[in-house]
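Source file: target_22.csv; contents: CSV, C-alpha atoms.
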chain,number,residue,atom,x,y,z
A,608,MET,CA,313.7,276.8,6.4
A,609,PRO,CA,311.3,273.8,6.0
A,610,ASN,CA,312.4,270.9,3.8
A,611,SER,CA,310.3,270.7,0.7
A,612,SER,CA,310.6,266.9,0.8
A,613,ASP,CA,308.3,267.0,3.8
A,614,VAL,CA,305.4,267.7,1.4
A,615,GLU,CA,304.0,264.8,-0.5
A,616,GLU,CA,302.4,265.0,-3.9
A,617,ASN,CA,299.0,264.1,-2.5
A,618,ASN,CA,299.3,267.1,-0.2
A,619,LEU,CA,299.7,269.6,-3.0
A,620,VAL,CA,296.9,272.0,-3.9
A,621,ARG,CA,297.2,273.2,-7.5
A,622,LEU,CA,295.4,276.3,-8.6
A,623,HIS,CA,294.8,277.6,-12.2
A,624,PRO,CA,293.0,280.6,-13.7
A,625,ASN,CA,289.4,279.9,-14.6
A,626,GLU,CA,289.9,281.0,-18.2
A,627,GLY,CA,292.9,278.7,-18.7
A,628,GLY,CA,295.9,279.7,-20.8
A,629,VAL,CA,296.2,282.7,-23.1
A,630,THR,CA,298.2,283.8,-26.1
A,631,ALA,CA,301.1,286.0,-25.1
A,632,LYS,CA,303.7,287.7,-27.3
A,633,MET,CA,307.2,288.8,-26.7
A,634,ASP,CA,309.7,290.1,-29.3
A,635,ASP,CA,308.8,288.1,-32.4
A,636,GLN,CA,307.6,285.0,-30.5
A,637,THR,CA,304.0,284.0,-29.8
A,638,PHE,CA,303.4,281.8,-26.8
A,639,LYS,CA,300.0,280.0,-27.0
A,640,GLY,CA,298.5,278.6,-23.8
A,641,ALA,CA,300.8,280.6,-21.5
A,642,SER,CA,299.4,280.2,-18.1
A,643,PRO,CA,300.3,280.9,-14.5
A,644,ASP,CA,299.5,278.5,-11.6
A,645,ALA,CA,300.2,278.1,-8.0
A,646,PHE,CA,301.1,275.0,-5.8
A,647,PHE,CA,300.5,274.9,-2.1
A,648,GLY,CA,302.2,272.1,-0.2
A,649,LEU,CA,300.5,271.2,3.0
A,650,ASP,CA,302.4,269.8,6.0
A,651,ILE,CA,302.0,266.0,5.9
A,652,TYR,CA,301.4,266.0,9.7
A,653,ASP,CA,299.2,269.1,9.9
A,654,SER,CA,297.0,269.9,6.9
A,655,SER,CA,296.2,273.4,8.3
A,656,VAL,CA,299.9,274.4,7.7
A,657,VAL,CA,301.3,275.4,4.3
A,658,ARG,CA,305.0,274.4,4.1
A,659,VAL,CA,305.9,275.2,0.5
A,660,VAL,CA,304.4,277.7,-2.0
A,661,THR,CA,305.4,277.5,-5.7
A,662,ARG,CA,304.1,280.0,-8.2
A,663,LYS,CA,304.8,279.5,-11.9
A,664,LEU,CA,304.5,280.8,-15.4
A,665,ASN,CA,304.2,278.0,-17.9
A,666,VAL,CA,305.3,278.4,-21.5
A,667,ASN,CA,305.9,276.0,-24.4
A,668,ILE,CA,309.0,275.6,-26.6
A,669,ASP,CA,309.0,273.3,-29.6
A,670,ILE,CA,312.3,271.5,-30.4
A,671,ASN,CA,313.3,269.2,-33.2
A,672,PRO,CA,314.9,266.3,-31.3
A,673,ARG,CA,317.2,265.4,-34.2
A,674,LEU,CA,318.5,268.9,-34.6
A,675,PHE,CA,318.8,269.6,-30.9
A,676,PRO,CA,318.8,266.3,-29.0
A,677,PRO,CA,317.8,266.4,-25.3
A,678,ALA,CA,321.2,265.4,-24.1
A,679,ASP,CA,322.7,268.4,-26.0
A,680,PHE,CA,320.0,270.7,-24.8
A,681,PHE,CA,320.5,270.0,-21.1
A,682,ARG,CA,324.2,269.8,-21.4
A,683,TYR,CA,324.1,273.3,-22.9
A,684,PHE,CA,321.9,274.9,-20.2
A,685,THR,CA,322.8,273.0,-17.1
A,686,CYS,CA,326.0,271.8,-15.3
A,687,GLY,CA,327.1,270.1,-12.1
A,688,PRO,CA,328.7,271.9,-9.1
A,689,SER,CA,332.0,272.2,-10.9
A,690,GLN,CA,330.8,273.2,-14.3
A,691,GLU,CA,331.1,269.6,-15.3
A,692,ASP,CA,329.1,267.6,-17.9
A,693,PRO,CA,325.8,267.1,-15.9
A,694,PHE,CA,325.4,263.6,-17.3
A,695,LYS,CA,329.0,262.5,-16.3
A,696,CYS,CA,329.1,264.0,-12.9
A,697,GLY,CA,325.7,262.6,-11.9
A,698,ALA,CA,323.8,265.9,-11.6
A,699,LEU,CA,321.3,264.5,-14.1
A,700,LYS,CA,320.0,261.0,-13.3
A,701,ARG,CA,317.6,258.4,-14.5
A,702,THR,CA,314.6,257.9,-12.2
A,703,GLU,CA,311.3,256.0,-12.2
A,704,LYS,CA,309.7,259.3,-13.3
A,705,CYS,CA,311.9,259.9,-16.4
A,706,GLU,CA,315.2,259.3,-18.0
A,707,ILE,CA,316.7,262.7,-17.4
A,708,HIS,CA,316.1,264.2,-14.0
A,709,GLY,CA,317.8,266.7,-11.7
A,710,ASP,CA,317.5,269.6,-9.4
A,711,ALA,CA,319.5,271.4,-6.7
A,712,ASP,CA,319.5,268.3,-4.6
A,713,THR,CA,321.4,266.4,-7.3
A,714,GLY,CA,323.8,269.3,-7.8
A,715,LEU,CA,322.1,270.7,-10.9
A,716,PHE,CA,322.5,274.4,-11.6
A,717,ALA,CA,322.2,276.8,-14.5
A,718,HIS,CA,325.1,276.8,-16.9
A,719,PRO,CA,326.8,280.3,-17.3
A,720,GLN,CA,325.2,280.4,-20.7
A,721,LEU,CA,321.7,280.2,-19.2
A,722,GLU,CA,322.6,282.6,-16.4
A,723,GLU,CA,323.7,285.1,-19.1
A,724,LEU,CA,320.2,284.8,-20.7
A,725,LEU,CA,318.7,285.3,-17.2
A,726,ASN,CA,320.7,288.4,-16.5
A,727,GLN,CA,318.6,290.7,-18.5
A,728,ALA,CA,318.0,294.4,-17.6
A,729,ASN,CA,321.2,294.1,-15.4
A,730,LEU,CA,319.4,292.1,-12.8
A,731,LYS,CA,322.7,290.9,-11.4
A,732,LYS,CA,324.2,293.9,-9.6
A,733,ALA,CA,327.8,294.9,-10.0
A,734,ASN,CA,330.3,293.1,-7.8
A,735,SER,CA,327.6,290.6,-6.9
A,736,SER,CA,327.1,287.0,-7.9
A,737,THR,CA,323.4,287.2,-7.0
A,738,LEU,CA,320.7,287.6,-9.7
A,739,GLY,CA,317.4,288.8,-8.5
A,740,PHE,CA,314.6,291.3,-8.6
A,741,VAL,CA,311.9,292.9,-6.4
A,742,VAL,CA,308.1,292.6,-6.9
A,743,ASN,CA,305.5,293.9,-4.5
A,744,LYS,CA,308.3,294.8,-2.0
A,745,ILE,CA,309.4,291.1,-2.0
A,746,ARG,CA,312.9,290.2,-3.2
A,747,TYR,CA,313.3,287.1,-5.4
A,748,GLU,CA,316.8,285.6,-6.1
A,749,TYR,CA,317.8,283.0,-8.6
A,750,ASP,CA,318.0,279.6,-6.9
A,751,SER,CA,318.5,276.7,-9.3
A,752,VAL,CA,317.1,274.8,-12.3
A,753,GLY,CA,315.0,271.6,-12.4
A,754,VAL,CA,314.8,269.1,-15.2
A,755,ALA,CA,312.4,266.2,-15.9
A,756,ALA,CA,312.6,264.9,-19.4
A,757,ASN,CA,312.9,261.9,-21.7
A,758,GLN,CA,314.8,261.2,-24.9
A,759,GLY,CA,312.9,262.8,-27.8
A,760,TYR,CA,311.3,265.3,-25.3
A,761,VAL,CA,308.3,262.9,-24.9
A,762,PRO,CA,306.0,263.3,-21.9
A,763,VAL,CA,307.2,262.2,-18.5
A,764,LYS,CA,305.3,260.3,-15.8
A,765,THR,CA,302.5,262.6,-14.4
A,766,ARG,CA,303.4,265.4,-16.8
A,767,PRO,CA,302.2,266.1,-20.4
A,768,SER,CA,305.7,267.1,-21.5
A,769,SER,CA,309.4,267.2,-20.7
A,770,HIS,CA,310.4,270.4,-19.0
A,771,LEU,CA,313.1,272.7,-17.7
A,772,GLU,CA,312.2,274.8,-14.7
A,773,ILE,CA,314.1,278.0,-13.7
A,774,LYS,CA,313.6,278.7,-10.1
A,775,PHE,CA,313.8,281.9,-8.0
A,776,ARG,CA,313.2,281.9,-4.3
A,777,VAL,CA,311.7,284.4,-1.9
A,778,VAL,CA,314.4,286.1,0.3
A,779,SER,CA,312.7,286.4,3.7
A,780,GLU,CA,313.6,286.2,7.4
A,781,SER,CA,310.4,284.1,8.0
A,782,ASN,CA,310.8,280.4,8.6
A,783,PHE,CA,307.1,279.8,8.2
A,784,HIS,CA,307.3,278.4,4.7
A,785,GLU,CA,309.5,278.1,1.7
A,786,GLU,CA,308.4,280.0,-1.4
A,787,ARG,CA,309.5,279.9,-5.0
A,788,LEU,CA,308.7,281.6,-8.2
A,789,CYS,CA,309.4,279.7,-11.4
A,790,LEU,CA,309.5,279.9,-15.2
A,791,ASN,CA,308.4,276.4,-16.2
A,792,ILE,CA,309.3,275.6,-19.8
A,793,HIS,CA,307.5,272.7,-21.4
A,794,LEU,CA,309.5,271.1,-24.2
A,795,HIS,CA,307.6,269.6,-27.1
A,796,PRO,CA,309.1,267.5,-29.9
A,797,LYS,CA,308.5,268.9,-33.5
A,798,LYS,CA,310.0,267.5,-36.7
A,799,GLU,CA,310.1,270.8,-38.6
A,800,ARG,CA,313.6,272.2,-39.3
A,801,LEU,CA,312.5,275.6,-38.1
A,802,HIS,CA,312.8,274.3,-34.5
A,803,ASP,CA,316.6,274.0,-34.6
A,804,LYS,CA,319.1,275.2,-32.0
A,805,ALA,CA,319.1,278.8,-33.1
A,806,ALA,CA,315.3,278.9,-33.0
A,807,VAL,CA,315.3,277.4,-29.5
A,808,PHE,CA,317.8,280.0,-28.2
A,809,ALA,CA,315.7,282.8,-29.6
A,810,ARG,CA,312.5,281.4,-28.1
A,811,LEU,CA,314.1,280.7,-24.7
A,812,ARG,CA,315.3,284.3,-24.5
A,813,ALA,CA,311.9,285.6,-25.4
A,814,ALA,CA,310.3,283.3,-22.7
A,815,ILE,CA,312.6,284.7,-20.1
A,816,ARG,CA,311.8,288.3,-21.2
A,817,LEU,CA,308.1,287.5,-21.1
A,818,PHE,CA,308.5,286.2,-17.5
A,819,TYR,CA,310.3,289.4,-16.4
A,820,ALA,CA,307.8,291.6,-18.3
A,821,GLU,CA,304.9,290.0,-16.6
A,822,LEU,CA,306.6,290.8,-13.2
A,823,ASN,CA,307.2,294.4,-14.3
A,824,VAL,CA,310.9,294.2,-13.7
A,825,LEU,CA,311.9,295.2,-17.3
A,826,SER,CA,312.1,298.9,-18.2
A,827,GLY,CA,309.4,300.1,-20.5
A,828,ALA,CA,307.0,297.4,-19.2
A,829,GLN,CA,304.0,296.6,-21.3
A,830,PRO,CA,300.5,295.8,-20.0
A,831,PRO,CA,300.4,292.2,-18.5
A,832,GLN,CA,299.3,289.5,-20.8
A,833,THR,CA,299.0,286.6,-18.3
A,834,ARG,CA,297.9,286.6,-14.7
A,835,LEU,CA,301.3,285.9,-13.2
A,836,ARG,CA,301.1,289.0,-11.0
A,837,ASP,CA,297.7,287.9,-9.6
A,838,VAL,CA,299.3,284.5,-8.7
A,839,LEU,CA,301.8,286.3,-6.4
A,840,THR,CA,298.9,287.2,-4.0
A,841,ILE,CA,296.8,284.1,-4.4
A,842,ASN,CA,296.4,281.9,-1.3
A,843,LEU,CA,294.1,279.0,-0.3
A,844,ASP,CA,291.5,281.4,1.2
A,845,ASN,CA,291.1,283.9,-1.6
A,846,PHE,CA,291.6,282.1,-4.9
A,847,GLU,CA,288.0,281.6,-5.8
A,848,GLY,CA,287.3,285.3,-5.4
A,849,LYS,CA,290.2,286.0,-7.8
A,850,GLN,CA,288.7,283.6,-10.4
A,851,PHE,CA,291.1,280.7,-9.9
A,852,SER,CA,290.1,277.0,-9.8
A,853,CYS,CA,291.2,273.8,-8.1
A,854,LEU,CA,290.5,271.1,-10.6
A,855,ASN,CA,293.0,268.3,-10.2
A,856,GLU,CA,291.4,265.4,-8.3
A,857,LYS,CA,294.2,265.0,-5.8
A,858,SER,CA,294.3,268.7,-5.3
A,859,VAL,CA,290.6,268.9,-4.5
A,860,LEU,CA,291.1,266.2,-1.8
A,861,ALA,CA,294.1,268.1,-0.4
A,862,LEU,CA,292.1,271.3,-0.4
A,863,GLU,CA,289.2,269.6,1.6
A,864,LYS,CA,291.8,268.4,4.1
A,865,TYR,CA,293.1,272.0,4.5
A,866,ARG,CA,289.6,273.4,4.9
A,867,SER,CA,288.6,270.8,7.4
A,868,ALA,CA,291.8,271.2,9.4
A,869,ARG,CA,291.4,275.0,9.4
A,870,LEU,CA,288.0,274.6,11.2
A,871,TYR,CA,289.9,273.3,14.3
A,872,VAL,CA,292.6,276.0,14.4
A,873,ALA,CA,290.6,279.1,13.5
A,874,PRO,CA,290.4,281.8,16.3
A,875,SER,CA,286.7,281.3,16.6
A,876,SER,CA,287.1,277.6,17.4
A,877,SER,CA,289.3,277.9,20.4
A,878,ARG,CA,287.8,275.0,22.3
A,879,ASN,CA,290.2,272.3,23.4
A,880,MET,CA,290.2,269.5,20.8
A,881,ALA,CA,290.0,266.8,23.4
A,882,VAL,CA,286.7,268.4,24.7
A,883,LEU,CA,285.2,268.2,21.2
A,884,VAL,CA,286.4,264.6,20.7
A,885,GLU,CA,285.1,263.6,24.1
A,886,ALA,CA,281.7,265.3,23.3
A,887,ALA,CA,281.4,263.4,20.0
A,888,PHE,CA,282.4,260.2,21.7
A,889,SER,CA,279.9,260.8,24.5
A,890,LYS,CA,277.1,261.5,22.1
A,891,LYS,CA,277.9,258.4,20.0
A,892,THR,CA,278.1,256.2,23.1
A,893,SER,CA,274.8,257.5,24.4
A,894,LEU,CA,273.1,256.7,21.1
A,895,SER,CA,274.5,253.2,20.9
A,896,GLN,CA,273.6,252.4,24.5
A,897,GLY,CA,270.1,253.8,24.0
A,898,ALA,CA,269.6,251.6,21.0
A,899,SER,CA,270.7,248.5,22.9
A,900,GLY,CA,268.4,249.3,25.9
A,901,VAL,CA,271.2,250.2,28.3
A,902,VAL,CA,270.3,253.0,30.6
A,903,SER,CA,273.0,255.7,30.7
A,904,ALA,CA,271.3,258.2,33.0
A,905,ALA,CA,273.5,257.3,35.9
A,906,LEU,CA,276.3,259.4,34.4
A,907,PRO,CA,276.1,263.2,34.8
A,908,ARG,CA,275.2,265.1,31.7
A,909,GLY,CA,278.4,265.9,29.6
A,910,ARG,CA,280.5,263.3,31.4
A,911,VAL,CA,282.2,260.6,29.3
A,912,PRO,CA,282.4,257.0,30.4
A,913,PRO,CA,286.0,255.9,31.3
A,914,SER,CA,287.7,254.7,28.1
A,915,PRO,CA,291.3,254.1,27.2
A,916,PHE,CA,290.6,255.7,23.8
A,917,VAL,CA,289.4,259.0,25.3
A,918,ALA,CA,292.4,259.1,27.6
A,919,ARG,CA,294.8,258.7,24.7
A,920,THR,CA,292.9,261.2,22.5
A,921,ALA,CA,293.0,263.9,25.2
A,922,THR,CA,296.7,264.1,24.9
A,923,ARG,CA,297.0,264.0,21.1
A,924,SER,CA,297.7,267.1,19.0
A,925,TYR,CA,295.4,268.6,16.5
A,926,SER,CA,297.4,267.1,13.6
A,927,GLU,CA,297.5,263.6,15.2
A,928,VAL,CA,293.7,263.6,15.7
A,929,LEU,CA,293.0,264.8,12.2
A,930,ALA,CA,295.5,262.3,10.7
A,931,SER,CA,294.2,259.4,12.8
A,932,GLY,CA,291.4,258.5,10.4
A,933,THR,CA,289.5,256.7,13.3
A,934,ALA,CA,285.7,256.5,13.5
A,935,TRP,CA,285.8,258.8,16.5
A,936,LYS,CA,287.3,261.8,14.8
A,937,VAL,CA,285.1,264.9,14.9
A,938,PRO,CA,283.4,265.0,11.5
A,939,ALA,CA,284.6,267.5,8.9
A,940,ALA,CA,282.2,270.1,7.6
A,941,ARG,CA,280.2,269.4,4.5
A,942,ALA,CA,280.3,271.8,1.6
A,943,GLY,CA,278.1,274.8,2.3
A,944,ALA,CA,277.4,273.8,5.9
A,945,GLY,CA,280.2,274.7,8.3
A,946,LEU,CA,280.7,272.8,11.6
A,947,LYS,CA,279.1,274.9,14.3
A,948,LEU,CA,282.0,274.9,16.7
A,949,ASN,CA,280.6,277.9,18.6
A,950,ASP,CA,277.0,276.5,18.7
A,951,ARG,CA,276.3,274.1,21.5
A,952,GLU,CA,273.5,272.6,19.4
A,953,ALA,CA,276.2,271.0,17.3
A,954,PHE,CA,277.5,269.1,20.4
A,955,PRO,CA,274.6,269.0,23.0
A,956,ALA,CA,276.9,267.1,25.5
A,957,LEU,CA,279.1,270.2,25.8
A,958,SER,CA,276.4,272.1,27.7
A,959,SER,CA,277.9,271.1,31.1
A,960,VAL,CA,281.5,270.6,30.0
A,961,PRO,CA,283.9,273.4,30.9
A,962,VAL,CA,285.4,275.1,27.9
A,963,LYS,CA,289.1,275.5,28.0
A,964,SER,CA,290.7,278.4,26.2
A,965,LYS,CA,293.7,277.7,24.0
A,966,GLY,CA,297.0,279.1,25.3
A,967,PRO,CA,298.7,282.1,23.8

Here is the file; what I need is its structure written in the form of structure tokens.
Amino acid sequence: MPNSSDVEENNLVRLHPNEGGVTAKMDDQTFKGASPDAFFGLDIYDSSVVRVVTRKLNVNIDINPRLFPPADFFRYFTCGPSQEDPFKCGALKRTEKCEIHGDADTGLFAHPQLEELLNQANLKKANSSTLGFVVNKIRYEYDSVGVAANQGYVPVKTRPSSHLEIKFRVVSESNFHEERLCLNIHLHPKKERLHDKAAVFARLRAAIRLFYAELNVLSGAQPPQTRLRDVLTINLDNFEGKQFSCLNEKSVLALEKYRSARLYVAPSSSRNMAVLVEAAFSKKTSLSQGASGVVSAALPRGRVPPSPFVARTATRSYSEVLASGTAWKVPAARAGAGLKLNDREAFPALSSVPVKSKGP
């Protein structure tokens, strides 16, 4: 299974429904701004490859920090590998991002009290320690929890709030990418007494039930209120048709990288990458020589002057060429005008260059 640490934050594509959050209800709780989203982590070495997919339902819980302090909250719902105090055993740590941080990598898992809340509708089978469910013929199993918070539940770096994330993972034989489905609970500080421990428990239970209801794994399921089920089939090629947007600035840049990289690996563009680079280099060289008065007619059409750069480029992989950032890289397509990889007018110098098919 790929390591999620191989995906950097600036290689994440974040997608959201065009209409934004909605008001959803479960039991006697109302969740304003409930919204699903999806994160696609691109391979840092090859932007055409998706390594990690994370799909989420985001809900809010208001907490009075004086009646239910963050340390007590996270101590109550999380624990270390031996059911220890997560603060004392090091499962929760202070980082540059926030004061209270932890995940499976630090040994953080759900406390039995949280697992009990998760085990609704008997999702944990008899004689089994695994809690999970099936949606669209895909099985999801409980994986871990993640925490990023500050004292007082104030926002953390890069996030508008502190949060607790309950993670399920896709059980699959495929090693293509890692996929998770999460209930992301944003924690907001409120001074009112009605946001005490008992109120938080009731709201957390309702949030979990809403998550399950949206996935249609609870008996007597009600009509969906959010678009969580739509998110399960969203990918980077169909999201616009399903009325989802990519708005985050870093995500937009990552999406452009993905689309540009896909041009070179699509079945219709089976030309050898080195041939394309050589053609672009040849055209640029011819133009520069013509401008300086140097006659280049002595070279057969389509041939490239000997160059150490071309020799190196011819042996580089797609991802290496795309990541090189050199001036000789084949230009990415502009919005609305795809690169004509099958049109020799796009690269006139290709007219006499043999085209090599990609291997199986």

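Minimum atom-to-atom distances from A:Ala806, A:Ala645, A:Ile745, A:Leu811 to Arg776 (chain A) were compared using all atoms listed in the file, and the lowest value belongs to A:Ile745.
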
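When all atoms listed in the file are used to measure the gap to Asn625 (chain A), the shortest distance among A:Phe646, A:Phe846, A:Phe740, A:Phe638 belongs to A:Phe846.
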
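The coordinates place CA of His793 (chain A) at 6.7 Å from CA of Leu771 (chain A).
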
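Put simply, CA of Arg658 (chain A) is 16.2 Å away from CA of Leu839 (chain A).
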
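Across A:Ile773, A:Val761, A:Val741, A:Leu730, the tightest approach to His718 (chain A) is made by A:Ile773 when counting only C-alpha atoms.
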